[in-house]
$ cat upload-v8.txt   # compact mmCIF, C-alpha atoms
# COMPACT_ATOMS: atom_id res chain seq x y z
CA MET A 1 23.21 -3.70 7.59
CA TRP A 2 25.06 -2.57 4.43
CA SER A 3 27.96 -1.13 6.43
CA ARG A 4 28.31 -4.47 8.27
CA LEU A 5 28.27 -6.36 4.96
CA ILE A 6 30.85 -4.04 3.38
CA GLY A 7 33.01 -4.08 6.52
CA GLY A 8 32.84 -7.88 6.79
CA SER A 9 33.69 -8.32 3.09
CA ALA A 10 36.63 -5.89 3.38
CA VAL A 11 38.01 -7.75 6.40
CA LEU A 12 37.53 -11.10 4.64
CA ALA A 13 39.39 -9.76 1.60
CA LEU A 14 42.22 -8.46 3.82
CA VAL A 15 42.60 -11.74 5.73
CA GLY A 16 42.39 -13.75 2.48
CA GLY A 17 44.92 -11.41 0.85
CA ALA A 18 47.30 -11.78 3.78
CA ALA A 19 47.02 -15.58 3.57
CA TYR A 20 47.58 -15.51 -0.21
CA ALA A 21 50.67 -13.32 0.25
CA SER A 22 51.98 -15.61 3.01
CA PHE A 23 51.58 -18.69 0.80
CA TYR A 24 52.46 -17.44 -2.68
CA VAL A 25 54.31 -14.11 -2.47
CA ALA A 26 56.58 -14.49 0.57
CA PRO A 27 59.95 -16.03 -0.27
CA GLU A 28 60.79 -19.37 1.35
CA GLU A 29 62.89 -19.06 4.49
CA ARG A 30 66.30 -20.72 4.11
CA THR A 31 66.55 -22.81 7.32
CA MET A 32 62.93 -23.59 8.25
CA GLY A 33 61.50 -23.81 4.73
CA LEU A 34 57.75 -23.95 4.12
CA VAL A 35 56.73 -24.21 7.78
CA GLN A 36 58.00 -20.66 8.42
CA ARG A 37 54.89 -19.39 6.57
CA ILE A 38 52.91 -20.08 9.75
CA PHE A 39 54.82 -17.12 11.23
CA TYR A 40 52.65 -14.61 9.31
CA LEU A 41 49.51 -15.89 11.08
CA HIS A 42 51.07 -16.84 14.42
CA ALA A 43 53.02 -13.63 15.09
CA ALA A 44 50.32 -11.34 13.67
CA CYS A 45 47.78 -12.95 16.03
CA GLY A 46 50.21 -12.47 18.93
CA LEU A 47 50.57 -8.74 18.24
CA THR A 48 46.81 -8.33 17.72
CA MET A 49 46.23 -10.09 21.03
CA PHE A 50 48.47 -7.47 22.71
CA THR A 51 46.38 -4.67 21.17
CA ALA A 52 43.09 -6.24 22.31
CA PHE A 53 44.40 -6.74 25.85
CA PHE A 54 45.69 -3.15 25.86
CA ILE A 55 42.18 -1.92 24.94
CA CYS A 56 40.85 -4.07 27.79
CA PHE A 57 43.47 -2.59 30.18
CA CYS A 58 42.64 1.03 29.22
CA SER A 59 38.90 0.32 29.56
CA ASN A 60 39.48 -1.26 32.98
CA ILE A 61 41.39 1.81 34.16
CA ALA A 62 38.64 4.04 32.73
CA TYR A 63 36.03 2.03 34.65
CA VAL A 64 37.93 2.32 37.94
CA PHE A 65 38.06 6.13 37.56
CA TRP A 66 34.71 6.96 35.93
CA ARG A 67 32.49 3.89 36.59
CA SER A 68 31.03 3.99 33.08
CA ALA A 69 29.06 0.96 31.87
CA LYS A 70 30.48 1.54 28.37
CA SER A 71 34.04 1.06 29.66
CA ASP A 72 33.03 -2.19 31.33
CA ALA A 73 31.33 -3.40 28.13
CA LEU A 74 34.40 -2.53 26.04
CA ALA A 75 36.74 -4.19 28.55
CA VAL A 76 34.92 -7.53 28.54
CA SER A 77 34.54 -7.43 24.75
CA ALA A 78 38.25 -6.74 24.23
CA ALA A 79 39.21 -9.44 26.74
CA GLU A 80 37.11 -12.06 24.92
CA VAL A 81 38.34 -11.06 21.46
CA GLY A 82 41.94 -10.93 22.75
CA LEU A 83 41.47 -14.40 24.17
CA VAL A 84 40.44 -15.70 20.72
CA PHE A 85 43.62 -14.26 19.16
CA SER A 86 45.62 -15.67 22.07
CA THR A 87 44.09 -19.11 21.43
CA VAL A 88 45.02 -18.99 17.73
CA ASN A 89 48.51 -17.86 18.71
CA LEU A 90 48.89 -20.73 21.20
CA VAL A 91 47.50 -23.34 18.78
CA THR A 92 49.51 -22.31 15.71
CA GLY A 93 52.75 -22.05 17.74
CA PRO A 94 53.06 -25.78 18.46
CA ILE A 95 52.06 -26.66 14.85
CA TRP A 96 55.08 -24.59 13.78
CA ALA A 97 57.28 -25.82 16.63
CA HIS A 98 56.86 -29.53 15.95
CA PRO A 99 58.53 -29.60 12.50
CA ALA A 100 60.98 -26.81 13.44
CA TRP A 101 62.13 -27.99 16.91
CA GLY A 102 60.99 -31.62 16.98
CA ILE A 103 58.75 -30.95 20.00
CA TRP A 104 55.25 -29.51 20.34
CA TRP A 105 55.84 -27.53 23.50
CA THR A 106 58.52 -26.49 25.96
CA TRP A 107 58.17 -24.53 29.18
CA ASP A 108 60.47 -21.68 28.20
CA ALA A 109 59.88 -18.08 29.29
CA ARG A 110 57.94 -16.97 26.17
CA LEU A 111 55.66 -20.00 25.90
CA THR A 112 54.99 -20.17 29.63
CA SER A 113 54.22 -16.46 30.00
CA ALA A 114 51.93 -16.59 26.92
CA PHE A 115 50.09 -19.60 28.37
CA VAL A 116 49.75 -17.83 31.75
CA LEU A 117 48.34 -14.79 29.92
CA TRP A 118 45.72 -17.01 28.28
CA LEU A 119 44.81 -18.49 31.68
CA LEU A 120 44.60 -15.03 33.27
CA TYR A 121 42.06 -13.79 30.73
CA ILE A 122 40.04 -16.99 31.06
CA ALA A 123 40.01 -16.30 34.82
CA TYR A 124 38.91 -12.71 34.05
CA LEU A 125 35.91 -13.97 32.06
CA LEU A 126 35.09 -16.65 34.65
CA LEU A 127 35.21 -14.10 37.45
CA ARG A 128 32.52 -12.10 35.67
CA THR A 129 30.18 -15.10 35.64
CA LEU A 130 30.55 -15.56 39.41
CA ILE A 131 29.36 -12.09 40.53
CA GLU A 132 25.66 -11.26 40.18
CA GLU A 133 25.60 -7.58 41.10
CA PRO A 134 26.60 -5.54 37.95
CA GLU A 135 28.57 -2.69 39.61
CA ARG A 136 30.49 -5.04 41.90
CA ARG A 137 31.18 -7.40 38.97
CA ALA A 138 32.47 -4.53 36.83
CA LEU A 139 34.75 -3.11 39.55
CA LEU A 140 36.25 -6.44 40.66
CA SER A 141 36.84 -7.60 37.10
CA ALA A 142 38.36 -4.20 36.21
CA LEU A 143 40.85 -4.56 39.07
CA PHE A 144 41.60 -8.15 38.06
CA GLY A 145 41.96 -7.06 34.40
CA ILE A 146 44.55 -4.43 35.37
CA PHE A 147 46.48 -7.12 37.25
CA ALA A 148 46.19 -9.59 34.32
CA PHE A 149 47.67 -7.04 31.90
CA LEU A 150 50.93 -7.02 33.91
CA ASP A 151 51.78 -10.28 32.12
CA VAL A 152 51.68 -8.62 28.67
CA PRO A 153 55.04 -6.78 28.99
CA LEU A 154 56.46 -10.01 30.41
CA VAL A 155 55.33 -11.98 27.32
CA TYR A 156 56.68 -9.25 25.03
CA GLY A 157 60.02 -8.94 26.78
CA SER A 158 60.59 -12.63 27.53
CA ILE A 159 62.47 -13.28 24.26
CA ARG A 160 64.54 -10.14 24.79
CA TRP A 161 65.44 -10.63 28.45
CA TRP A 162 66.00 -14.39 28.63
CA ARG A 163 67.50 -17.09 26.45
CA THR A 164 64.55 -19.05 25.07
CA GLN A 165 63.80 -21.90 22.69
CA HIS A 166 61.36 -19.51 20.98
CA PRO A 167 62.98 -17.55 18.09
CA GLN A 168 64.44 -14.14 18.92
CA PRO A 169 62.45 -11.00 17.93
CA VAL A 170 62.36 -10.01 14.26
CA LEU A 171 61.10 -6.48 14.94
CA MET A 172 63.23 -4.14 17.06
CA GLY A 173 65.40 -7.09 18.00
CA GLY A 174 68.73 -5.31 17.74
CA PRO A 175 71.70 -6.04 15.47
CA GLY A 176 71.49 -9.25 13.43
CA SER A 177 67.72 -9.49 13.68
CA GLY A 178 65.10 -8.57 11.10
CA LEU A 179 63.29 -9.89 8.04
CA GLU A 180 63.94 -9.88 4.31
CA PRO A 181 62.11 -6.78 2.84
CA THR A 182 59.32 -8.76 1.07
CA MET A 183 58.76 -10.87 4.20
CA LEU A 184 58.61 -7.69 6.29
CA LYS A 185 55.97 -6.11 4.00
CA ILE A 186 53.84 -9.26 4.12
CA PHE A 187 54.24 -9.44 7.90
CA PHE A 188 53.02 -5.83 8.27
CA PHE A 189 50.13 -6.56 5.91
CA SER A 190 49.19 -9.63 8.00
CA ILE A 191 49.31 -7.54 11.19
CA PHE A 192 47.02 -4.96 9.53
CA ALA A 193 44.59 -7.69 8.35
CA MET A 194 44.44 -9.27 11.83
CA HIS A 195 43.83 -5.87 13.43
CA ALA A 196 40.97 -5.26 10.98
CA LEU A 197 39.52 -8.66 11.96
CA MET A 198 39.94 -7.74 15.64
CA VAL A 199 38.01 -4.47 15.13
CA LEU A 200 35.20 -6.32 13.33
CA LEU A 201 34.91 -8.93 16.10
CA LEU A 202 35.16 -6.23 18.77
CA ILE A 203 32.30 -4.21 17.23
CA ASP A 204 30.08 -7.31 17.16
CA ARG A 205 31.00 -8.36 20.69
CA TYR A 206 30.49 -4.83 22.03
CA GLY A 207 27.04 -4.78 20.42
CA LEU A 208 26.22 -8.01 22.27
CA GLU A 209 27.38 -6.55 25.59
CA LYS A 210 25.26 -3.41 25.04
CA MET A 211 22.23 -5.64 24.42
CA ARG A 212 23.02 -7.48 27.67
CA GLY A 213 22.87 -4.17 29.52
CA GLU A 214 19.55 -3.39 27.85
CA ALA A 215 18.18 -6.82 28.83
CA GLU A 216 19.28 -6.23 32.43
CA ILE A 217 17.38 -2.90 32.55
CA VAL A 218 14.17 -4.41 31.10
CA ARG A 219 14.45 -7.36 33.53
CA ARG A 220 14.73 -4.96 36.49
CA GLU A 221 11.74 -2.95 35.25
CA LEU A 222 9.75 -6.16 34.97
CA GLU A 223 10.70 -7.20 38.52
CA ALA A 224 9.71 -3.76 39.82
CA ALA A 225 6.36 -3.78 37.97
CA MET B 1 56.81 -29.59 -0.30
CA LYS B 2 57.90 -30.71 3.16
CA ASN B 3 55.60 -29.68 6.05
CA LEU B 4 52.83 -28.44 3.75
CA ASP B 5 50.32 -30.30 5.95
CA SER B 6 51.51 -28.34 9.03
CA VAL B 7 51.09 -25.00 7.23
CA PHE B 8 47.58 -25.92 6.04
CA ALA B 9 46.63 -27.28 9.49
CA ALA B 10 47.78 -24.05 11.19
CA TYR B 11 45.81 -21.80 8.81
CA LEU B 12 42.70 -24.01 8.79
CA ILE B 13 42.58 -24.33 12.58
CA GLY B 14 43.32 -20.61 13.02
CA TRP B 15 40.52 -19.55 10.66
CA GLY B 16 38.25 -22.21 12.14
CA ILE B 17 38.65 -20.70 15.62
CA PHE B 18 37.79 -17.21 14.31
CA PHE B 19 34.81 -18.53 12.35
CA VAL B 20 33.40 -20.50 15.31
CA TYR B 21 33.84 -17.46 17.57
CA TYR B 22 32.05 -15.23 15.06
CA LEU B 23 29.19 -17.75 14.92
CA THR B 24 28.89 -17.92 18.73
CA VAL B 25 28.69 -14.10 18.96
CA ALA B 26 26.00 -14.04 16.23
CA ARG B 27 24.06 -16.85 17.96
CA ARG B 28 24.28 -15.15 21.39
CA SER B 29 23.14 -11.84 19.83
CA THR B 30 20.10 -13.47 18.23
CA ALA B 31 19.15 -15.25 21.47
CA LEU B 32 19.51 -12.03 23.47
CA ARG B 33 17.49 -10.01 20.94
CA ASN B 34 14.65 -12.55 21.27
CA GLU B 35 14.95 -12.46 25.08
CA ILE B 36 14.71 -8.63 25.12
CA GLU B 37 11.66 -8.81 22.86
CA ARG B 38 10.05 -11.37 25.17
CA LEU B 39 10.82 -9.29 28.28
CA LYS B 40 9.44 -6.12 26.67
CA ASN B 41 6.22 -7.96 25.77
CA SER B 42 5.87 -9.24 29.35
CA LEU B 43 6.48 -5.71 30.65
CA ASN B 44 3.82 -4.24 28.37
CA ARG B 45 1.35 -6.90 29.43
CA SER B 46 2.02 -6.30 33.15
CA LYS B 47 1.45 -2.50 32.81

$ encode --input "upload-v8.txt" --output "structure tokens"
Amino acid sequence: MWSRLIGGSAVLALVGGAAYASFYVAPEERTMGLVQRIFYLHAACGLTMFTAFFICFCSNIAYVFWRSAKSDALAVSAAEVGLVFSTVNLVTGPIWAHPAWGIWWTWDARLTSAFVLWLLYIAYLLLRTLIEEPERRALLSALFGIFAFLDVPLVYGSIRWWRTQHPQPVLMGGPGSGLEPTMLKIFFFSIFAMHALMVLLLIDRYGLEKMRGEAEIVRRELEAA
Amino acid sequence: MKNLDSVFAAYLIGWGIFFVYYLTVARRSTALRNEIERLKNSLNRSK
């Protein structure tokens, strides 16, 4: 109980600190002005989403090889948490885009692939609700999860491989790209804060999935009795 | 302070989504804990 309280408070402090730094410490960007501050939330959520989906992908592969219920529980938990970060990423993007581009949305390679990624993980979670038998559900969703992850490198590379309306990468983007040093520090801090939030949510969601497994066992025992 | 409303909207909606998700996980956990308790009681009674 105390560890949860301390962990939750630490994550809250980190996320609050990242927001404070984004609002009051980060210098104002010359061309976009104030609206660029959304970047610290939007991009950090995008990178955290990649991490969560990568955890899901590794757990799916682990399930296919070792058929462990823990891998399945971690995969579904990471998919759901990743989907939340993906939703925040997709919602904050247009709020930034409207003042910056004059439009809420455009079907360019980055936005389209990110939207498809969101749909794929919704399909992953829906698929799990359609299959009753636990082992079959875990295997089919693991295979689908591996397939869904193929879109992640596409989302990541889309702004590097194609000309898009979406801004070009600020990290590892080649010559001419990059951030002002203070902005870069705050961006890394925001990424760290979002990852801490992801871990907190993942622990809670994994706990829920473990309880589901326990409920399933008791239900079977009751049916057999 | 041009576009201040957009910045606040983005952060408020973003945090709102995280908060609502956290609440749904907590609510589902409580419901499941009660369900397990109920099932265990039924199991003990049937033995």

$ residues_around --input "upload-v8.txt" --residues "B:Tyr22" --least-positions-apart "3" --cutoff "10 Å" --atoms "only C-alpha atoms" --output "count of residues only"
12

$ interface_residues --input "upload-v8.txt" --of "chain A" --to "chain B" --cutoff "10 Å" --atoms "all atoms listed in the file" --output "PyMOL selection string"
chain A and resi 15+19+23+32-42+45+80-81+84-85+87-100+197-198+200-201+204-209+211-212+214-219+221-225

$ residues_around --input "upload-v8.txt" --residues "stretch 126-135 of chain A" --least-positions-apart "3" --cutoff "10 Å" --atoms "all atoms listed in the file" --output "ChimeraX atom specification"
/A:67-69,72,76,120-123,138-142,144,213,216

$ atom_distance --input "upload-v8.txt" --atom1 "atom CA of A:Ala75" --atom2 "atom CA of A:Leu143"
11.3 Å

$ residues_around --input "upload-v8.txt" --residues "A:Asn60" --least-positions-apart "2" --cutoff "7 Å" --atoms "all atoms listed in the file" --output "list in words"
Cys56, Phe57, Cys58, Ala62, Tyr63, Val64, Ser71, Asp72, Ala75, Ala142, Gly145 and Ile146 of chain A

$ write_last_selection --input "upload-v8.txt" --atoms "C-alpha atoms" --output "mmCIF file, keeping the file's coordinate frame"
data_model
loop_
_atom_site.group_PDB
_atom_site.id
_atom_site.type_symbol
_atom_site.label_atom_id
_atom_site.label_comp_id
_atom_site.auth_asym_id
_atom_site.auth_seq_id
_atom_site.Cartn_x
_atom_site.Cartn_y
_atom_site.Cartn_z
ATOM 1 C CA CYS A 56 40.850 -4.070 27.790
ATOM 2 C CA PHE A 57 43.470 -2.590 30.180
ATOM 3 C CA CYS A 58 42.640 1.030 29.220
ATOM 4 C CA ALA A 62 38.640 4.040 32.730
ATOM 5 C CA TYR A 63 36.030 2.030 34.650
ATOM 6 C CA VAL A 64 37.930 2.320 37.940
ATOM 7 C CA SER A 71 34.040 1.060 29.660
ATOM 8 C CA ASP A 72 33.030 -2.190 31.330
ATOM 9 C CA ALA A 75 36.740 -4.190 28.550
ATOM 10 C CA ALA A 142 38.360 -4.200 36.210
ATOM 11 C CA GLY A 145 41.960 -7.060 34.400
ATOM 12 C CA ILE A 146 44.550 -4.430 35.370
#

$ closest_residue --input "upload-v8.txt" --among "A:Gly173, A:Gly178, A:Arg163, A:Leu47" --to "A:Ala114" --atoms "only C-alpha atoms"
A:Leu47

$ closest_residue --input "upload-v8.txt" --among "A:Leu74, A:Phe50, A:Thr164, A:Ile55" --to "A:Asp151" --atoms "all atoms listed in the file"
A:Phe50

$ atom_distance --input "upload-v8.txt" --atom1 "atom CA of A:Ala52" --atom2 "atom CA of A:Ala193"
14.1 Å

$ atom_distance --input "upload-v8.txt" --atom1 "atom CA of A:Phe189" --atom2 "atom CA of A:Tyr24"
14.1 Å

$ axis_aligned_box --input "upload-v8.txt" --around "stretch 183-196 of chain A" --padding-each-side "4 Å" --output "JSON"
{"center_x": 49.9, "center_y": -7.9, "center_z": 8.7, "size_x": 25.8, "size_y": 13.9, "size_z": 17.4}
